[in-house]
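input_29.json follows; it contains JSON, C-alpha atoms.
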[["chain", "number", "residue", "atom", "x", "y", "z"],
["U", 19, "MET", "CA", 20.65, -22.56, 59.25],
["U", 20, "LYS", "CA", 20.39, -18.80, 59.04],
["U", 21, "SER", "CA", 24.15, -18.44, 58.66],
["U", 22, "CYS", "CA", 24.15, -21.05, 55.87],
["U", 23, "LEU", "CA", 21.41, -19.13, 54.03],
["U", 24, "ILE", "CA", 23.40, -15.90, 54.28],
["U", 25, "ILE", "CA", 26.47, -17.62, 52.87],
["U", 26, "PHE", "CA", 24.38, -19.17, 50.06],
["U", 27, "LEU", "CA", 22.82, -15.85, 49.05],
["U", 28, "SER", "CA", 26.16, -14.09, 49.13],
["U", 29, "VAL", "CA", 27.75, -16.67, 46.81],
["U", 30, "ILE", "CA", 24.94, -17.02, 44.23],
["U", 31, "PRO", "CA", 25.07, -13.50, 42.71],
["U", 32, "PHE", "CA", 28.82, -13.72, 42.27],
["U", 33, "GLY", "CA", 28.56, -17.07, 40.53],
["U", 34, "ILE", "CA", 25.76, -15.92, 38.24],
["U", 35, "TYR", "CA", 26.78, -12.38, 37.33],
["U", 36, "SER", "CA", 30.58, -12.33, 37.38],
["U", 37, "GLN", "CA", 32.31, -13.02, 34.07],
["U", 38, "ILE", "CA", 35.95, -13.40, 33.09],
["U", 39, "THR", "CA", 37.07, -11.55, 29.96],
["U", 40, "HIS", "CA", 39.52, -13.77, 28.12],
["U", 41, "PRO", "CA", 41.47, -13.48, 24.85],
["U", 42, "LYS", "CA", 39.65, -14.66, 21.73],
["U", 43, "ALA", "CA", 40.99, -17.65, 19.85],
["U", 44, "SER", "CA", 40.25, -15.72, 16.63],
["U", 45, "PRO", "CA", 40.98, -12.05, 17.41],
["U", 46, "PHE", "CA", 39.03, -9.29, 15.72],
["U", 47, "SER", "CA", 40.75, -7.07, 13.17],
["U", 48, "THR", "CA", 39.92, -4.20, 10.85],
["U", 49, "VAL", "CA", 41.74, -3.27, 7.65],
["U", 50, "GLU", "CA", 41.15, -0.02, 5.74],
["U", 51, "GLN", "CA", 42.43, 0.89, 2.31],
["U", 52, "GLU", "CA", 42.14, 4.12, 0.37],
["U", 53, "VAL", "CA", 41.66, 3.69, -3.38],
["U", 54, "GLY", "CA", 41.86, 7.08, -5.04],
["U", 55, "LEU", "CA", 39.27, 9.20, -3.22],
["U", 56, "SER", "CA", 37.41, 6.12, -1.95],
["U", 57, "LYS", "CA", 37.91, 3.75, 0.96],
["U", 58, "ILE", "CA", 37.30, 0.05, 1.54],
["U", 59, "THR", "CA", 36.97, -1.20, 5.14],
["U", 60, "VAL", "CA", 36.90, -4.85, 6.16],
["U", 61, "ALA", "CA", 36.02, -6.03, 9.69],
["U", 62, "TYR", "CA", 36.74, -9.71, 10.38],
["U", 63, "SER", "CA", 38.14, -12.22, 12.86],
["U", 64, "ARG", "CA", 41.41, -14.09, 12.33],
["U", 65, "PRO", "CA", 41.41, -17.82, 13.08],
["U", 66, "SER", "CA", 44.70, -19.71, 13.32],
["U", 67, "VAL", "CA", 45.76, -22.91, 11.57],
["U", 68, "ARG", "CA", 47.26, -24.44, 14.75],
["U", 69, "GLY", "CA", 48.49, -27.49, 12.86],
["U", 70, "ARG", "CA", 45.10, -28.32, 11.37],
["U", 71, "HIS", "CA", 44.08, -28.98, 7.77],
["U", 72, "VAL", "CA", 42.18, -25.91, 6.52],
["U", 73, "PHE", "CA", 40.60, -26.15, 3.06],
["U", 74, "GLY", "CA", 38.90, -29.22, 1.63],
["U", 75, "PRO", "CA", 39.11, -32.82, 2.86],
["U", 76, "GLN", "CA", 41.93, -34.07, 5.06],
["U", 77, "PRO", "CA", 44.14, -36.92, 3.79],
["U", 78, "ASP", "CA", 41.89, -39.40, 5.63],
["U", 79, "GLY", "CA", 38.84, -38.05, 3.80],
["U", 80, "GLN", "CA", 37.38, -36.22, 6.79],
["U", 81, "PRO", "CA", 36.36, -32.56, 6.28],
["U", 82, "GLY", "CA", 38.91, -29.87, 7.02],
["U", 83, "LEU", "CA", 38.18, -26.66, 8.87],
["U", 84, "VAL", "CA", 36.62, -25.16, 5.74],
["U", 85, "PRO", "CA", 34.94, -27.92, 3.69],
["U", 86, "TYR", "CA", 34.57, -27.58, -0.04],
["U", 87, "GLY", "CA", 31.14, -26.63, -1.34],
["U", 88, "ARG", "CA", 29.84, -25.18, 1.92],
["U", 89, "ILE", "CA", 29.38, -21.53, 2.82],
["U", 90, "TRP", "CA", 32.25, -19.95, 4.79],
["U", 91, "ARG", "CA", 32.06, -16.69, 6.72],
["U", 92, "VAL", "CA", 35.57, -15.68, 5.46],
["U", 93, "GLY", "CA", 37.02, -15.63, 8.95],
["U", 94, "ALA", "CA", 35.57, -16.62, 12.31],
["U", 95, "ASN", "CA", 32.92, -15.51, 14.82],
["U", 96, "GLU", "CA", 30.64, -12.86, 13.26],
["U", 97, "SER", "CA", 30.27, -12.67, 9.50],
["U", 98, "THR", "CA", 32.97, -10.64, 7.82],
["U", 99, "LYS", "CA", 31.70, -7.15, 6.90],
["U", 100, "ILE", "CA", 32.98, -5.10, 3.99],
["U", 101, "THR", "CA", 32.13, -1.41, 3.60],
["U", 102, "VAL", "CA", 32.73, 0.81, 0.57],
["U", 103, "ASP", "CA", 32.19, 4.55, 0.98],
["U", 104, "THR", "CA", 31.55, 5.17, -2.73],
["U", 105, "ASP", "CA", 30.12, 3.10, -5.58],
["U", 106, "MET", "CA", 32.64, 0.56, -6.90],
["U", 107, "GLN", "CA", 32.82, -2.41, -9.21],
["U", 108, "VAL", "CA", 34.02, -5.98, -8.65],
["U", 109, "LEU", "CA", 34.74, -7.89, -11.86],
["U", 110, "GLY", "CA", 32.16, -5.83, -13.74],
["U", 111, "ASN", "CA", 29.50, -6.09, -11.01],
["U", 112, "ASP", "CA", 28.20, -2.86, -9.48],
["U", 113, "LEU", "CA", 28.92, -2.58, -5.75],
["U", 114, "PRO", "CA", 26.92, 0.40, -4.44],
["U", 115, "LYS", "CA", 28.13, 2.42, -1.46],
["U", 116, "GLY", "CA", 27.26, 0.50, 1.72],
["U", 117, "THR", "CA", 28.09, -2.44, 3.99],
["U", 118, "TYR", "CA", 27.83, -6.11, 3.01],
["U", 119, "ALA", "CA", 28.51, -9.52, 4.50],
["U", 120, "LEU", "CA", 31.32, -11.27, 2.65],
["U", 121, "TYR", "CA", 30.94, -15.02, 2.18],
["U", 122, "ALA", "CA", 32.74, -17.68, 0.16],
["U", 123, "PHE", "CA", 31.95, -21.11, -1.26],
["U", 124, "PRO", "CA", 35.42, -22.68, -1.67],
["U", 125, "GLU", "CA", 36.12, -25.51, -4.08],
["U", 126, "GLU", "CA", 39.41, -27.08, -5.09],
["U", 127, "ASN", "CA", 39.80, -25.19, -8.39],
["U", 128, "GLU", "CA", 37.50, -22.17, -7.97],
["U", 129, "TRP", "CA", 35.76, -20.17, -5.30],
["U", 130, "GLN", "CA", 32.50, -18.30, -5.39],
["U", 131, "ILE", "CA", 32.72, -15.01, -3.49],
["U", 132, "VAL", "CA", 29.40, -13.59, -2.28],
["U", 133, "PHE", "CA", 28.54, -9.98, -1.50],
["U", 134, "HIS", "CA", 25.45, -10.44, 0.67],
["U", 135, "THR", "CA", 22.97, -7.71, 1.62],
["U", 136, "ASN", "CA", 21.81, -9.24, 4.92],
["U", 137, "THR", "CA", 24.44, -8.31, 7.53],
["U", 138, "SER", "CA", 22.44, -9.49, 10.56],
["U", 139, "HIS", "CA", 23.43, -13.18, 10.51],
["U", 140, "TRP", "CA", 25.88, -14.54, 13.05],
["U", 141, "GLY", "CA", 28.68, -16.27, 11.19],
["U", 142, "ASP", "CA", 27.55, -17.75, 7.89],
["U", 143, "GLY", "CA", 23.85, -17.74, 8.80],
["U", 144, "ARG", "CA", 23.55, -21.48, 8.10],
["U", 145, "LYS", "CA", 19.85, -22.25, 7.58],
["U", 146, "ASN", "CA", 18.97, -18.55, 7.71],
["U", 147, "TYR", "CA", 21.23, -17.75, 4.77],
["U", 148, "ASN", "CA", 19.14, -16.92, 1.69],
["U", 149, "SER", "CA", 20.87, -16.66, -1.68],
["U", 150, "ASP", "CA", 18.06, -14.34, -2.84],
["U", 151, "GLU", "CA", 19.68, -11.73, -0.57],
["U", 152, "ASP", "CA", 23.00, -11.94, -2.44],
["U", 153, "LEU", "CA", 23.87, -8.73, -4.22],
["U", 154, "PHE", "CA", 26.03, -10.75, -6.60],
["U", 155, "ARG", "CA", 28.54, -13.58, -6.77],
["U", 156, "ILE", "CA", 31.85, -13.75, -8.57],
["U", 157, "THR", "CA", 34.06, -16.72, -9.40],
["U", 158, "VAL", "CA", 37.79, -16.54, -8.68],
["U", 159, "LYS", "CA", 40.58, -19.09, -8.73],
["U", 160, "PRO", "CA", 42.60, -19.98, -5.61],
["U", 161, "GLU", "CA", 46.37, -20.14, -5.84],
["U", 162, "ASN", "CA", 49.01, -21.86, -3.74],
["U", 163, "ILE", "CA", 51.48, -19.58, -1.99],
["U", 164, "PRO", "CA", 55.11, -20.53, -1.24],
["U", 165, "TYR", "CA", 54.84, -19.83, 2.50],
["U", 166, "HIS", "CA", 52.63, -20.62, 5.47],
["U", 167, "GLN", "CA", 50.08, -18.03, 6.66],
["U", 168, "GLU", "CA", 49.22, -19.01, 10.24],
["U", 169, "ASN", "CA", 46.46, -16.48, 10.96],
["U", 170, "PHE", "CA", 43.83, -15.84, 8.34],
["U", 171, "LEU", "CA", 44.71, -12.55, 6.67],
["U", 172, "ILE", "CA", 42.78, -10.05, 4.56],
["U", 173, "SER", "CA", 45.05, -7.54, 2.85],
["U", 174, "PHE", "CA", 45.24, -5.19, -0.12],
["U", 175, "ASP", "CA", 47.85, -4.75, -2.84],
["U", 176, "SER", "CA", 48.25, -3.63, -6.48],
["U", 177, "ILE", "CA", 46.76, -0.32, -5.35],
["U", 178, "THR", "CA", 46.31, 2.51, -7.86],
["U", 179, "HIS", "CA", 44.10, 5.61, -8.00],
["U", 180, "HIS", "CA", 41.49, 3.43, -9.70],
["U", 181, "SER", "CA", 41.79, -0.11, -8.36],
["U", 182, "ALA", "CA", 43.01, -2.48, -5.67],
["U", 183, "ASN", "CA", 43.14, -6.21, -5.07],
["U", 184, "LEU", "CA", 41.68, -7.63, -1.88],
["U", 185, "ASN", "CA", 43.49, -10.82, -0.87],
["U", 186, "LEU", "CA", 42.19, -13.65, 1.31],
["U", 187, "ILE", "CA", 45.23, -15.58, 2.59],
["U", 188, "TRP", "CA", 45.30, -18.58, 4.91],
["U", 189, "ALA", "CA", 47.51, -21.63, 5.31],
["U", 190, "SER", "CA", 48.94, -22.08, 1.79],
["U", 191, "THR", "CA", 46.01, -20.61, -0.16],
["U", 192, "LYS", "CA", 45.42, -17.14, -1.57],
["U", 193, "VAL", "CA", 42.34, -15.76, -3.32],
["U", 194, "THR", "CA", 42.31, -12.35, -5.00],
["U", 195, "ILE", "CA", 39.23, -10.13, -5.45],
["U", 196, "PRO", "CA", 39.75, -7.11, -7.77],
["U", 197, "PHE", "CA", 37.99, -3.81, -6.97],
["U", 198, "SER", "CA", 37.76, -0.80, -9.27],
["U", 199, "VAL", "CA", 36.41, 2.74, -8.86],
["U", 200, "ASP", "CA", 35.90, 5.62, -11.29],
["U", 201, "THR", "CA", 38.28, 8.05, -9.61],
["U", 202, "ASP", "CA", 38.57, 10.17, -12.77],
["U", 203, "ALA", "CA", 34.86, 11.02, -12.60],
["U", 204, "GLN", "CA", 35.18, 11.84, -8.90],
["U", 205, "MET", "CA", 38.22, 14.02, -9.52],
["U", 206, "GLU", "CA", 36.65, 15.88, -12.45],
["U", 207, "ALA", "CA", 33.65, 16.67, -10.26],
["U", 208, "GLU", "CA", 35.94, 17.82, -7.45],
["U", 209, "ILE", "CA", 38.09, 19.94, -9.78],
["U", 210, "ALA", "CA", 35.01, 21.61, -11.28],
["U", 211, "LYS", "CA", 33.60, 22.28, -7.81],
["U", 212, "GLN", "CA", 36.82, 23.78, -6.44],
["U", 213, "LEU", "CA", 37.42, 25.93, -9.52],
["U", 214, "ARG", "CA", 33.91, 27.35, -9.16],
["U", 215, "GLU", "CA", 34.31, 28.16, -5.48],
["U", 216, "ASN", "CA", 37.04, 30.80, -5.06],
["U", 217, "PRO", "CA", 40.00, 28.81, -6.44],
["U", 218, "THR", "CA", 43.54, 29.46, -5.18],
["U", 219, "ALA", "CA", 46.92, 28.93, -6.81],
["U", 220, "GLN", "CA", 47.12, 25.59, -4.96],
["U", 221, "THR", "CA", 43.75, 24.56, -6.42],
["U", 222, "TYR", "CA", 45.02, 25.04, -9.97],
["U", 223, "TYR", "CA", 48.31, 23.32, -9.15],
["U", 224, "GLU", "CA", 46.68, 20.25, -7.59],
["U", 225, "ALA", "CA", 44.27, 19.90, -10.53],
["U", 226, "ALA", "CA", 47.20, 20.09, -12.96],
["U", 227, "ARG", "CA", 49.29, 17.65, -10.97],
["U", 228, "TYR", "CA", 46.48, 15.08, -11.00],
["U", 229, "LEU", "CA", 46.14, 15.33, -14.79],
["U", 230, "GLN", "CA", 49.91, 15.05, -15.18],
["U", 231, "GLU", "CA", 50.08, 11.99, -12.93],
["U", 232, "GLN", "CA", 47.29, 10.35, -14.93],
["U", 233, "GLY", "CA", 49.06, 11.11, -18.21],
["U", 234, "ARG", "CA", 46.18, 12.97, -19.86],
["U", 235, "ASP", "CA", 44.84, 16.41, -20.82],
["U", 236, "PHE", "CA", 48.32, 17.97, -20.77],
["U", 237, "GLU", "CA", 47.21, 21.17, -22.50],
["U", 238, "ARG", "CA", 44.56, 21.74, -19.82],
["U", 239, "ALA", "CA", 47.13, 20.92, -17.14],
["U", 240, "LEU", "CA", 49.47, 23.55, -18.61],
["U", 241, "GLU", "CA", 46.70, 26.16, -18.49],
["U", 242, "TYR", "CA", 46.12, 25.34, -14.82],
["U", 243, "LEU", "CA", 49.84, 25.60, -14.03],
["U", 244, "ASN", "CA", 50.18, 28.96, -15.75],
["U", 245, "LYS", "CA", 47.20, 30.16, -13.72],
["U", 246, "ALA", "CA", 48.76, 28.82, -10.50],
["U", 247, "ILE", "CA", 52.00, 30.72, -11.19],
["U", 248, "GLU", "CA", 50.06, 33.85, -12.14],
["U", 249, "ILE", "CA", 48.15, 33.81, -8.83],
["U", 250, "GLY", "CA", 50.70, 32.27, -6.48],
["U", 251, "GLY", "CA", 54.04, 33.30, -7.94],
["U", 252, "ASP", "CA", 57.08, 31.13, -8.55],
["U", 253, "THR", "CA", 57.55, 27.94, -6.52],
["U", 254, "TYR", "CA", 59.90, 25.09, -7.23],
["U", 255, "TYR", "CA", 57.05, 22.56, -7.33],
["U", 256, "PHE", "CA", 54.84, 24.63, -9.67],
["U", 257, "HIS", "CA", 57.68, 24.85, -12.17],
["U", 258, "ARG", "CA", 58.68, 21.22, -11.58],
["U", 259, "VAL", "CA", 55.26, 19.91, -12.65],
["U", 260, "LYS", "CA", 55.09, 22.48, -15.46],
["U", 261, "SER", "CA", 58.36, 21.09, -16.87],
["U", 262, "LEU", "CA", 56.92, 17.56, -16.84],
["U", 263, "VAL", "CA", 53.76, 18.68, -18.63],
["U", 264, "GLU", "CA", 55.74, 20.61, -21.27],
["U", 265, "ALA", "CA", 57.94, 17.57, -21.85],
["U", 266, "ALA", "CA", 54.84, 15.39, -22.24],
["U", 267, "LEU", "CA", 53.64, 17.84, -24.92],
["U", 268, "GLY", "CA", 56.99, 17.46, -26.69],
["U", 269, "ASP", "CA", 58.14, 21.03, -25.98],
["U", 270, "TYR", "CA", 61.54, 20.14, -24.52],
["U", 271, "ARG", "CA", 62.98, 23.64, -24.73],
["U", 272, "ALA", "CA", 60.15, 25.02, -22.61],
["U", 273, "ALA", "CA", 60.49, 22.02, -20.28],
["U", 274, "ILE", "CA", 64.19, 22.76, -19.77],
["U", 275, "THR", "CA", 63.46, 26.41, -19.01],
["U", 276, "SER", "CA", 60.84, 25.42, -16.42],
["U", 277, "ALA", "CA", 63.14, 22.77, -14.91],
["U", 278, "GLU", "CA", 66.00, 25.28, -14.63],
["U", 279, "LYS", "CA", 63.66, 27.69, -12.81],
["U", 280, "SER", "CA", 62.51, 24.88, -10.50],
["U", 281, "LEU", "CA", 66.13, 23.89, -9.85],
["U", 282, "GLU", "CA", 67.09, 27.48, -8.96],
["U", 283, "LEU", "CA", 64.17, 27.85, -6.53],
["U", 284, "ALA", "CA", 64.73, 24.40, -5.01],
["U", 285, "ALA", "CA", 68.45, 25.09, -4.47],
["U", 286, "ALA", "CA", 67.62, 28.35, -2.67],
["U", 287, "GLN", "CA", 65.43, 26.37, -0.24],
["U", 288, "GLU", "CA", 67.91, 23.47, 0.01],
["U", 289, "LYS", "CA", 65.45, 21.02, -1.53],
["U", 290, "ASP", "CA", 68.21, 18.71, -2.67],
["U", 291, "GLU", "CA", 65.92, 15.98, -4.00],
["U", 292, "PHE", "CA", 64.21, 18.42, -6.38],
["U", 293, "VAL", "CA", 67.60, 19.77, -7.44],
["U", 294, "ARG", "CA", 68.70, 16.26, -8.42],
["U", 295, "MET", "CA", 65.42, 15.43, -10.21],
["U", 296, "ASN", "CA", 65.57, 18.64, -12.24],
["U", 297, "GLU", "CA", 69.23, 18.11, -13.14],
["U", 298, "LYS", "CA", 68.43, 14.60, -14.36],
["U", 299, "ASN", "CA", 65.52, 15.78, -16.52],
["U", 300, "ILE", "CA", 67.42, 18.73, -17.96],
["U", 301, "LYS", "CA", 70.16, 16.36, -19.09],
["U", 302, "LYS", "CA", 67.62, 13.93, -20.56],
["U", 303, "TRP", "CA", 65.68, 16.61, -22.43],
["U", 304, "LYS", "CA", 68.81, 18.28, -23.81],
["U", 305, "ALA", "CA", 69.80, 14.90, -25.22],
["U", 306, "LYS", "CA", 66.43, 14.65, -26.97],
["U", 307, "ILE", "CA", 66.87, 18.09, -28.53],
["U", 308, "PHE", "CA", 70.39, 17.17, -29.68],
["U", 309, "LYS", "CA", 69.10, 13.98, -31.36],
["U", 310, "LYS", "CA", 66.62, 16.05, -33.35]]

Target encoding structure tokens, full file:
Amino acid sequence: MKSCLIIFLSVIPFGIYSQITHPKASPFSTVEQEVGLSKITVAYSRPSVRGRHVFGPQPDGQPGLVPYGRIWRVGANESTKITVDTDMQVLGNDLPKGTYALYAFPEENEWQIVFHTNTSHWGDGRKNYNSDEDLFRITVKPENIPYHQENFLISFDSITHHSANLNLIWASTKVTIPFSVDTDAQMEAEIAKQLRENPTAQTYYEAARYLQEQGRDFERALEYLNKAIEIGGDTYYFHRVKSLVEAALGDYRAAITSAEKSLELAAAQEKDEFVRMNEKNIKKWKAKIFKK
């Protein structure tokens, strides 16, 4: 009897407290995307189709994995969390810096996407979900895609300094959520700050390059470039951007002079790509002068 009790006590703790770690059916994933100076981070789990009908009713009328008209956690397991590190906008709605639960109410011809302030719910929250805690909802249209997406996927594309599209893709369906951010305001604040605090030649150059890339304030960009060259001396990339700014201002003769200087400096450092780009622009700008 005593030996049986010893065996029993030795087995019980193992049976109660041991636990096997196994792979998740819907593995966790995180996707991050920079948009200008900002970043969007999405943490979610990725369920698989595995031959099942996903959205809306099945052919026999029974509900699919994600029924129409009911809240969906936009993934599996925990609720999907989306974090923005600066204030953004989504279809004209203000999305302040912070973390939100992302939910959806799919329908056949349109989806409601919910940015929800309560991030404590497991999954979709079910009876604990309270629409009063929604930050806002938007309506988007689903589209059919010409391929099969086995694992639910959240991705970004159409990325610029000012915007990006977040895509929800699963089975044969894709939904796009457009984000926008005022990167110009952020950059102007950053430029002003850096120019106040002991600016270098690189500071002036980077400010000018941003303006040139955005296609605006070319006269200010030229002032910055002249200051960069005054402080930092001649570099092939200072003169390269200066030539582009001068061309944008319509001063092709000055642009050619700057491009020739950039070409000379680039050739000396064996920067073949910049040599070719300058040669191409010099030819193009000379043709413009000839047409005049």

* Asked: Restricting the calculation to all atoms listed in the file, which member of U:Gln37, U:Gln287, U:Thr178, U:Gln230 is positioned closest to Val263 in chain U?
  -> U:Gln230

* When distances are computed from all atoms listed in the file, which of U:Tyr223, U:Phe174, U:Tyr270, U:Tyr147 shows the smallest separation from Ile247 in chain U? ->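 The closest residue to Ile247 in chain U is U:Tyr223.
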
* Between CA of His166 in chain U and CA of Trp140 in chain U, distance in Å (one decimal) ->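 These two atoms are separated by 28.5 Å.
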
* So what do you get for CA of Pro196 in chain U versus CA of Phe170 in chain U, distance-wise? ->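 CA of Phe170 in chain U lies at a distance of 18.8 Å from CA of Pro196 in chain U.
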
* Quick one: distance from CA of Ile307 in chain U to CA of Val259 in chain U in Å, one decimal? ->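 So the answer is 19.8 Å.
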
Polymer residues at most 9 Å from Ala246 in chain U, only C-alpha atoms, same-chain spacing of 6 or more positions, as a short mmCIF file (atom, residue, chain, number, x, y, z; two decimals) with C-alpha atoms, in the frame of the given file:
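Output file part.cif follows:
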data_model
loop_
_atom_site.label_atom_id
_atom_site.label_comp_id
_atom_site.auth_asym_id
_atom_site.auth_seq_id
_atom_site.Cartn_x
_atom_site.Cartn_y
_atom_site.Cartn_z
CA THR U 218 43.54 29.46 -5.18
CA ALA U 219 46.92 28.93 -6.81
CA GLN U 220 47.12 25.59 -4.96
CA THR U 221 43.75 24.56 -6.42
CA TYR U 222 45.02 25.04 -9.97
CA TYR U 223 48.31 23.32 -9.15
CA ASP U 252 57.08 31.13 -8.55
CA PHE U 256 54.84 24.63 -9.67
#

* What lies within 10 Å of Glu126 in chain U using only C-alpha atoms, ignoring chain neighbours under 5 positions off, as a list of chain:residue names? ->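 The neighbour list is U:Phe73, U:Gly74, U:Pro75, U:Pro85, U:Tyr86, U:Gly87, U:Lys159, U:Pro160, U:Glu161.
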
Let me know the centre plus edge lengths, in Å and rounded to one decimal, of a box with edges along x, y and z that contains all listed atoms of range 45-53 of chain U and is padded by 5 Å on every side, as lines of an AutoDock Vina configuration file.
center_x = 40.7
center_y = -4.0
center_z = 7.0
size_x = 13.4
size_y = 26.2
size_z = 30.8

* Asked: Neighbours of range 53-67 of chain U within 7 Å (all atoms listed in the file; same-chain residues fewer than 3 positions away dropped), as a PyMOL selection string?
  -> chain U and resi 43-50+70+72+93-95+98-104+168-171+177-182+189+201

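Among the candidates U:Ile172, U:Ile89, U:Ala277, U:Ile195, the one nearest to Gly143 in chain U when counting only C-alpha atoms is U:Ile89.
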
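Distances to Pro164 in chain U were evaluated for U:Trp188, U:Leu267, U:Arg88, U:Ala119 using all atoms listed in the file, and the minimum falls at U:Trp188.
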
* Asked: Using only C-alpha atoms, which of the listed residues (U:Gln232, U:Asn296, U:Asn127, U:Ser176) sits closest to His257 in chain U?
  ->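 Closest to His257 in chain U, using only C-alpha atoms: U:Asn296.
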
* To do: Tell me which protein, DNA and RNA residues are within 9 Å of range 107-113 of chain U, counting all atoms listed in the file, leaving out same-chain ones fewer than 5 positions away, and put them as a PyMOL selection string.
  => chain U and resi 102+133+153-156+195-200
